[in-house]
Structures are given as C-alpha cells and as structure tokens.
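Only one structure is covered here, and it is reproduced in the block below.
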Amino acid sequence: MAAATLGAVGIAVAAPRTPAPPATPNPGCTLQVPEDPLSARGLATPYRLSATDPRLGACHEAVAVQSAFVEATILDPAGGRLSVYHPLVVDAGAPPAAPPVVPALPRGAVVGLWFGFNGDTLTLRGSPAALRAGSCVNGLNGSLFGQVAFCGAQEFFAAAGSAVRAGKLRIPPLGRAKDGRPCPSVRDFSLVDQDQSDNVTTTYLATRDGRTAQATAANTRALAKPVTLANGSDNRLLDAFVDPALGCTPFTAPDLTDGGRPATSLALNELQAAAGQRAPVALVPEGDPMTLVAGKPSEAKANLYRAGVGQPPLDRRSAGTRSYCRNLRAAGLDRLTADRRLLRAAASPDDGVGLLKFLTDRLQGSLQQLGCTHPAASRHPAAAAEPDPADQAAAADAVRTLGALS
C-alpha cells in the first residue's frame with residue numbers, strides 16, 4: 001500500500017500520547033542498519049530511526065504515520081525448518097522500553113530481512129560493511145522503492161526453493177475458504193492493490209514516553225498499558241483480517257522473539273503464494289508506483305523488487321498494467337460480490353469500518369490510481385501509455401458497482 005493511499009485504504013493504528021505528531025509529519029525517515037544484520041547479534045541490535053532530511057521535522061517511531069518495521073524470516077537449511085524474528089526499531093538516541101530478545105539461530109541459518117514503513121519513503125543507511133553483509137536493497141541507483149526495502153531476501157528465497165526441491169521444506173496448501181473457493185494469497189487478484197507485495201506483519205509496543213519494545217507477551221505484561229504499532233500492510237490485511245473472515249488459516253512459523261508462538265511474515269506469505277496460487281497470478285506489474293524511475297517504468301527496478309519478494313522476472317507478455325487492470329477488475333469485483341455476506345460485518349484495519357467497505361474502497365482506489373478507468377486518471381505513465389477504451393469503460397463500470405456494493 002503506497003503512502004499516497006494510506007487515507008483512502010484506511011490504515012488505522014492507535015498512537016501513543018507522546019510524542020505528539022506534528023501538524024505535517026515528516027514523510028521521509030531513515031533506518032540505521034546495525035553491523036552484521038543477519039547474525040543473531042545484529043538481529044537483536046535495535047534499528048535507529050531518524051529524519052532523512054531534518055529540515056522537514058523529526059521522525060519518531062511511536063508516531064504511527066512515521067513508524068518503520070523490520071521482519072526476519074529464518075531458514076534452517078539442514079532441516080528445512082522456518083522461524084520468524086522481529087528486530088526492534090527505536091528513535092535515534094533513545095533506549096528501548098525493554099531489552100530485545102537475542103534469538104538462537106540454527107547452524108548455517110539463512111536469514112532474510114524485510115522492511116515496512118507507514119510514511120512515504122524509507123531510506124536504509126549503515127556502514128558499507130553492514131549493508132554489504134546484509135545484501136541490503138533499498139531501490140535502484142538512488143531511485144528508492146518507497147515504503148519497502150530488504151536485506152538477504154534473494155538469498156533467502158533461493159535457499160527456500162532449494163529446500164523445497166530437496167523435500168526438506170513443505171509449504172502448507174492455501175486451503176478452502178467458506179465460499180468454497182481456494183483461500184486467497186498475496187498473489188491473488190482479489191487481495192492485491194496497485195502496489196502489491198509490500199510491507200510486513202511485524203508489530204511493536206509503544207509506551208507513553210515514546211519508547212518502543214518488541215511485541216512479546218512478557219513486554220505486554222511488564223509495560224504500563226503499551227500501545228500497539230502496526231504496519232499498513234497487504235500481508236497484515238490478509239493474515240489478520242481477510243483469512244479469518246473467510247475461514248482460512250495463515251501460514252505461520254515459530255516466533256523466536258516471543259517463545260516460539262506462531263507468527264506470520266511477508267516471506268511466509270510469498271512462499272505459500274508461489275506454491276499454491278492458481279492462475280491468474282498477481283505479480284508486481286511494470287506500472288507499480290514503487291518500481292518507477294523518474295515516473296517511468298523500469299524493467300531493472302521492477303525485477304529488483306520482484307526478486308526481493310521471491311517473484312520471477314518480468315514477462316513482457318503478461319506484466320503490462322493493462323492485463324493487471326483486467327485481472328484486478330474481474331477477480332476483485334467477482335470475489336467481493338460473492339463474499340459480501342462474509343465480509344460485511346468482519347473487522348478491518350480501519351476501526352469502525354467493515355471489511356467489505358474497506359476492501360471495496362481499496363479496490364476502487366487501486367483501479368483509479370493505476371489508470372485502469374481512464375488514461376487521464378492515471379498517476380503512472382505506464383498505464384496511460386496503453387489506453388484501451390473497452391478496458392477503461394469496464395473498469396469504470398466496476399468502480400460504480402463497487403460503490404454500491406458495500
């Protein structure tokens with residue numbers, strides 16, 4: 001979910017009383033990557049949040065629209081076992097509200113890190129050694145993705161693929177939803193939006209004085225009425241809201257942060273989607289706003305993003321924004337219509353808004369922002385460059401239908 005759409009899609013997280021968010025929060029923040037970030041010591045070292053341009057104001061992790069999140073998924077290549085860990089983010093110069101848990105990693109562990117952000121643009125900074133050790137990717141040649149970044153992601157997905165082929169790692173099937181259809185995945189056109197496969201399911205605890213801690217049962221008991229900070233995430237939308245409403249079960253792994261309790265993650269979702277999603281499969285399109293360079297499509301940047309979420313390189317025959325619009329319109333409208341009774345009363349990320357309305361508003365916004373309804377409505381030149389009056393008329397009809405659906 002791109003930052004420009006946060007209001008439209010209704011990202012809602014409670015904000016602690018301090019620090020008070022400024023009238024216009026700085027939308028660009030930086031995370032300081034610790035040394036050796038893929039090691040147990042690096043995972044347990046807090047990431048420090050600061051303003052990328054201090055002239056635009058400070059950045060505070062406990063201000064919900066500036067919160068950044070880090071999520072690790074870990075593979076034991078010998079046994080094929082997966083686990084999850086949630087590195088902590090704190091304000092630069094501030095101590096954590098509770099000491100981070102130091103994870104016990106298996107021998108030879110392959111660790112991937114994914115980052116999410118509730119603002120506009122997240123920048124990773126660190127020593128050359130730290131960024132090199134983490135194989136960290138923030139974008140292409142200074143053109144940042146925006147809300148997302150990753151470290152060790154390509155290596156993780158390559159190792160996971162090898163473990164699957166060797167029969168060591170088994171990915172659970174998506175299962176069957178209450179509507180009789182396969183459960184959705186993060187590559188299902190009934191779930192994705194204009195910038196799919198972004199952000200994470202990590203949450204943190206924030207205290208009244210603005211300090212943060214890992215969201216563990218022990219910290220929840222020890223801290224005085226902490227507030228939960230959450231990422232505006234496609235992954236969280238699926239795991240915490242859509243799956244429960246449809247009677248589906250997310251893919252989980254033991255959380256090394258919190259005594260092994262089951263936890264979800266972006267990487268788990270992408271692995272399950274790769275294994276089980278039926279055609280049509282939603283993959284990051286060339287018109288995704290996070291993969292544009294100077295407002296224009298970039299095959300190199302799109303492929304870099306895809307690699308970070310375990311997806312194959314662009315296929316020029318099927319990666320166009322026009323085909324993405326067609327599938328988004330058809331599959332999205334069809335399933336929302338079929339599942340309206342299951343979704344209407346279910347909870348959504350927006351307090352006080354039912355899941356059906358949340359999803360219909362989100363799909364409406366996605367069709368419009370990708371330029372599916374009319375070239376002039378496009379914010380992305382990739383969509384405007386391939387107008388098709390019939391497609392635009394059909395998408396416009398879908399938008400009107402969605403408006404009456406919820």
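Scheme for the structure tokens: letters A, B, ... for chains in order shown; per-chain residue numbers from 1; ligand numbers from 1 in order shown.
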
Could you write out, as a PyMOL selection string, all the residues of region 90-319 of chain A that DSSP marks as strand (DSSP E or B)?
chain A and resi 90-91+110-117+121-125+136-137+139-140+143-144+149-151+176+182+203-206+212-214+227-230+253-255+262-263+292-293+296-297

Each residue of region 196-282 of chain A with at least one atom at most 12 Å from region 23-44 of chain A should appear once, together with its nearest atom pair and the corresponding distance in Å (one decimal); atoms considered: only C-alpha atoms; ordering: chain, then increasing residue number; output as CSV.
```
residue,atom,partner,partner_atom,distance
A:Ala213,CA,A:Ala44,CA,11.6
A:Gln214,CA,A:Ala44,CA,10.3
A:Leu256,CA,A:Ala40,CA,10.7
A:Thr257,CA,A:Ala44,CA,9.4
```

Within 9 Å of Tyr305 (chain A) using only C-alpha atoms, minus same-chain residues under 3 positions, as a ChimeraX atom specification
/A:137,139,145,149,284,290-291,300-302,308-311

Export of prior selection with N, CA and C atoms as a PDB file, in the first residue's frame:
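Below you can see again19.pdb, which holds the result:
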```
ATOM      1  N   VAL A 137      18.996  -3.994  -0.080  1.00  0.00           N
ATOM      2  CA  VAL A 137      18.490  -3.364  -1.302  1.00  0.00           C
ATOM      3  C   VAL A 137      17.400  -2.381  -0.920  1.00  0.00           C
ATOM      4  N   GLY A 139      16.460   0.114  -3.407  1.00  0.00           N
ATOM      5  CA  GLY A 139      15.970   0.634  -4.669  1.00  0.00           C
ATOM      6  C   GLY A 139      17.038   0.435  -5.723  1.00  0.00           C
ATOM      7  N   PHE A 145      12.510   2.412  -3.533  1.00  0.00           N
ATOM      8  CA  PHE A 145      11.194   1.786  -3.705  1.00  0.00           C
ATOM      9  C   PHE A 145      10.103   2.621  -3.049  1.00  0.00           C
ATOM     10  N   ALA A 149      12.033  -2.132   1.739  1.00  0.00           N
ATOM     11  CA  ALA A 149      13.426  -2.455   1.471  1.00  0.00           C
ATOM     12  C   ALA A 149      13.638  -3.874   1.983  1.00  0.00           C
ATOM     13  N   VAL A 284       4.117  -8.367  -9.324  1.00  0.00           N
ATOM     14  CA  VAL A 284       4.383  -6.922  -9.377  1.00  0.00           C
ATOM     15  C   VAL A 284       4.428  -6.472 -10.833  1.00  0.00           C
ATOM     16  N   MET A 290       6.035   1.762  -6.892  1.00  0.00           N
ATOM     17  CA  MET A 290       7.310   1.598  -6.194  1.00  0.00           C
ATOM     18  C   MET A 290       8.448   1.182  -7.122  1.00  0.00           C
ATOM     19  N   THR A 291       8.109   0.792  -8.371  1.00  0.00           N
ATOM     20  CA  THR A 291       9.152   0.337  -9.291  1.00  0.00           C
ATOM     21  C   THR A 291       9.403   1.322 -10.430  1.00  0.00           C
ATOM     22  N   ALA A 300      14.472  -3.000 -14.888  1.00  0.00           N
ATOM     23  CA  ALA A 300      15.504  -3.371 -13.921  1.00  0.00           C
ATOM     24  C   ALA A 300      15.018  -3.190 -12.490  1.00  0.00           C
ATOM     25  N   LYS A 301      14.340  -2.076 -12.221  1.00  0.00           N
ATOM     26  CA  LYS A 301      13.862  -1.831 -10.854  1.00  0.00           C
ATOM     27  C   LYS A 301      12.719  -2.771 -10.499  1.00  0.00           C
ATOM     28  N   ALA A 302      11.827  -3.029 -11.455  1.00  0.00           N
ATOM     29  CA  ALA A 302      10.733  -3.966 -11.191  1.00  0.00           C
ATOM     30  C   ALA A 302      11.277  -5.360 -10.893  1.00  0.00           C
ATOM     31  N   GLY A 308      13.166  -9.388  -4.496  1.00  0.00           N
ATOM     32  CA  GLY A 308      13.102  -9.198  -3.052  1.00  0.00           C
ATOM     33  C   GLY A 308      11.880  -9.819  -2.409  1.00  0.00           C
ATOM     34  N   VAL A 309      10.873 -10.168  -3.205  1.00  0.00           N
ATOM     35  CA  VAL A 309       9.682 -10.827  -2.662  1.00  0.00           C
ATOM     36  C   VAL A 309       9.477 -12.203  -3.292  1.00  0.00           C
ATOM     37  N   GLY A 310      10.556 -12.756  -3.832  1.00  0.00           N
ATOM     38  CA  GLY A 310      10.522 -14.132  -4.309  1.00  0.00           C
ATOM     39  C   GLY A 310       9.731 -14.358  -5.574  1.00  0.00           C
ATOM     40  N   GLN A 311       9.646 -13.352  -6.440  1.00  0.00           N
ATOM     41  CA  GLN A 311       8.886 -13.484  -7.672  1.00  0.00           C
ATOM     42  C   GLN A 311       9.817 -13.563  -8.881  1.00  0.00           C
TER      43      GLN A 311
END
```

From A:Leu205, A:Leu333, A:Val200, A:Cys183, residue lying nearest Ala222 (chain A) [only C-alpha atoms]:
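Residue with the minimum atom-to-atom distance to Ala222 (chain A): A:Leu205.
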
If we count only C-alpha atoms and set the cut-off at 10 Å, which residues sit around Arg48 (chain A), ignoring sequence neighbours fewer than 5 positions away in its own chain? Please answer as a ChimeraX atom specification.
/A:30-34,60-61,68,88-95,125

Include N, CA, C and O atoms and write out the residues we just selected as a PDB file, in the first residue's frame.
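Resulting contents of selection07.pdb:
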```pdb
ATOM      1  N   THR A  30      14.797   7.556   7.975  1.00  0.00           N
ATOM      2  CA  THR A  30      15.951   6.699   7.713  1.00  0.00           C
ATOM      3  C   THR A  30      16.123   5.696   8.839  1.00  0.00           C
ATOM      4  O   THR A  30      15.947   6.032  10.016  1.00  0.00           O
ATOM      5  N   LEU A  31      16.468   4.467   8.489  1.00  0.00           N
ATOM      6  CA  LEU A  31      16.818   3.444   9.461  1.00  0.00           C
ATOM      7  C   LEU A  31      18.320   3.172   9.388  1.00  0.00           C
ATOM      8  O   LEU A  31      18.863   2.951   8.300  1.00  0.00           O
ATOM      9  N   GLN A  32      18.970   3.171  10.547  1.00  0.00           N
ATOM     10  CA  GLN A  32      20.384   2.818  10.639  1.00  0.00           C
ATOM     11  C   GLN A  32      20.501   1.311  10.803  1.00  0.00           C
ATOM     12  O   GLN A  32      20.048   0.736  11.789  1.00  0.00           O
ATOM     13  N   VAL A  33      21.086   0.665   9.805  1.00  0.00           N
ATOM     14  CA  VAL A  33      21.245  -0.790   9.814  1.00  0.00           C
ATOM     15  C   VAL A  33      22.421  -1.162  10.724  1.00  0.00           C
ATOM     16  O   VAL A  33      23.518  -0.626  10.565  1.00  0.00           O
ATOM     17  N   PRO A  34      22.229  -2.073  11.675  1.00  0.00           N
ATOM     18  CA  PRO A  34      23.333  -2.457  12.566  1.00  0.00           C
ATOM     19  C   PRO A  34      24.384  -3.281  11.834  1.00  0.00           C
ATOM     20  O   PRO A  34      24.147  -3.798  10.735  1.00  0.00           O
ATOM     21  N   HIS A  60       9.757   9.961  14.576  1.00  0.00           N
ATOM     22  CA  HIS A  60       9.592   9.237  15.831  1.00  0.00           C
ATOM     23  C   HIS A  60       8.883   7.918  15.559  1.00  0.00           C
ATOM     24  O   HIS A  60       7.799   7.898  14.952  1.00  0.00           O
ATOM     25  N   GLU A  61       9.463   6.840  16.031  1.00  0.00           N
ATOM     26  CA  GLU A  61       8.892   5.519  15.799  1.00  0.00           C
ATOM     27  C   GLU A  61       7.489   5.403  16.384  1.00  0.00           C
ATOM     28  O   GLU A  61       6.626   4.713  15.820  1.00  0.00           O
ATOM     29  N   ALA A  68       8.398   2.664  11.357  1.00  0.00           N
ATOM     30  CA  ALA A  68       9.064   1.720  10.466  1.00  0.00           C
ATOM     31  C   ALA A  68       9.134   0.361  11.160  1.00  0.00           C
ATOM     32  O   ALA A  68       9.141   0.274  12.397  1.00  0.00           O
ATOM     33  N   LEU A  88      13.850  -4.819  16.530  1.00  0.00           N
ATOM     34  CA  LEU A  88      13.186  -3.644  17.075  1.00  0.00           C
ATOM     35  C   LEU A  88      13.658  -2.363  16.381  1.00  0.00           C
ATOM     36  O   LEU A  88      14.818  -2.249  15.991  1.00  0.00           O
ATOM     37  N   VAL A  89      12.754  -1.402  16.270  1.00  0.00           N
ATOM     38  CA  VAL A  89      13.085  -0.049  15.816  1.00  0.00           C
ATOM     39  C   VAL A  89      12.858   0.915  16.973  1.00  0.00           C
ATOM     40  O   VAL A  89      11.805   0.886  17.616  1.00  0.00           O
ATOM     41  N   VAL A  90      13.853   1.774  17.236  1.00  0.00           N
ATOM     42  CA  VAL A  90      13.748   2.801  18.277  1.00  0.00           C
ATOM     43  C   VAL A  90      14.128   4.144  17.672  1.00  0.00           C
ATOM     44  O   VAL A  90      14.721   4.218  16.591  1.00  0.00           O
ATOM     45  N   ASP A  91      13.788   5.216  18.351  1.00  0.00           N
ATOM     46  CA  ASP A  91      14.250   6.537  17.935  1.00  0.00           C
ATOM     47  C   ASP A  91      15.764   6.634  18.095  1.00  0.00           C
ATOM     48  O   ASP A  91      16.338   6.090  19.044  1.00  0.00           O
ATOM     49  N   ALA A  92      16.412   7.341  17.179  1.00  0.00           N
ATOM     50  CA  ALA A  92      17.842   7.573  17.317  1.00  0.00           C
ATOM     51  C   ALA A  92      18.105   8.282  18.637  1.00  0.00           C
ATOM     52  O   ALA A  92      17.454   9.271  18.970  1.00  0.00           O
ATOM     53  N   GLY A  93      19.032   7.750  19.426  1.00  0.00           N
ATOM     54  CA  GLY A  93      19.383   8.348  20.703  1.00  0.00           C
ATOM     55  C   GLY A  93      18.515   7.925  21.860  1.00  0.00           C
ATOM     56  O   GLY A  93      18.758   8.348  22.999  1.00  0.00           O
ATOM     57  N   ALA A  94      17.502   7.095  21.615  1.00  0.00           N
ATOM     58  CA  ALA A  94      16.593   6.671  22.689  1.00  0.00           C
ATOM     59  C   ALA A  94      16.808   5.199  23.012  1.00  0.00           C
ATOM     60  O   ALA A  94      17.066   4.389  22.108  1.00  0.00           O
ATOM     61  N   PRO A  95      16.699   4.813  24.274  1.00  0.00           N
ATOM     62  CA  PRO A  95      16.815   3.394  24.624  1.00  0.00           C
ATOM     63  C   PRO A  95      15.507   2.668  24.346  1.00  0.00           C
ATOM     64  O   PRO A  95      14.435   3.272  24.300  1.00  0.00           O
ATOM     65  N   ARG A 125      20.388   3.194   5.879  1.00  0.00           N
ATOM     66  CA  ARG A 125      21.762   3.662   5.955  1.00  0.00           C
ATOM     67  C   ARG A 125      22.529   2.763   6.913  1.00  0.00           C
ATOM     68  O   ARG A 125      21.959   2.154   7.806  1.00  0.00           O
TER      69      ARG A 125
END
```

Rank A:Gly320, A:Gln369, A:Gly276, A:Ala78 by their smallest atom-to-atom distance to Ala166 (chain A), using only C-alpha atoms, and report the top residue only.
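Among A:Gly320, A:Gln369, A:Gly276, A:Ala78, it is A:Ala78 that comes nearest to Ala166 (chain A).
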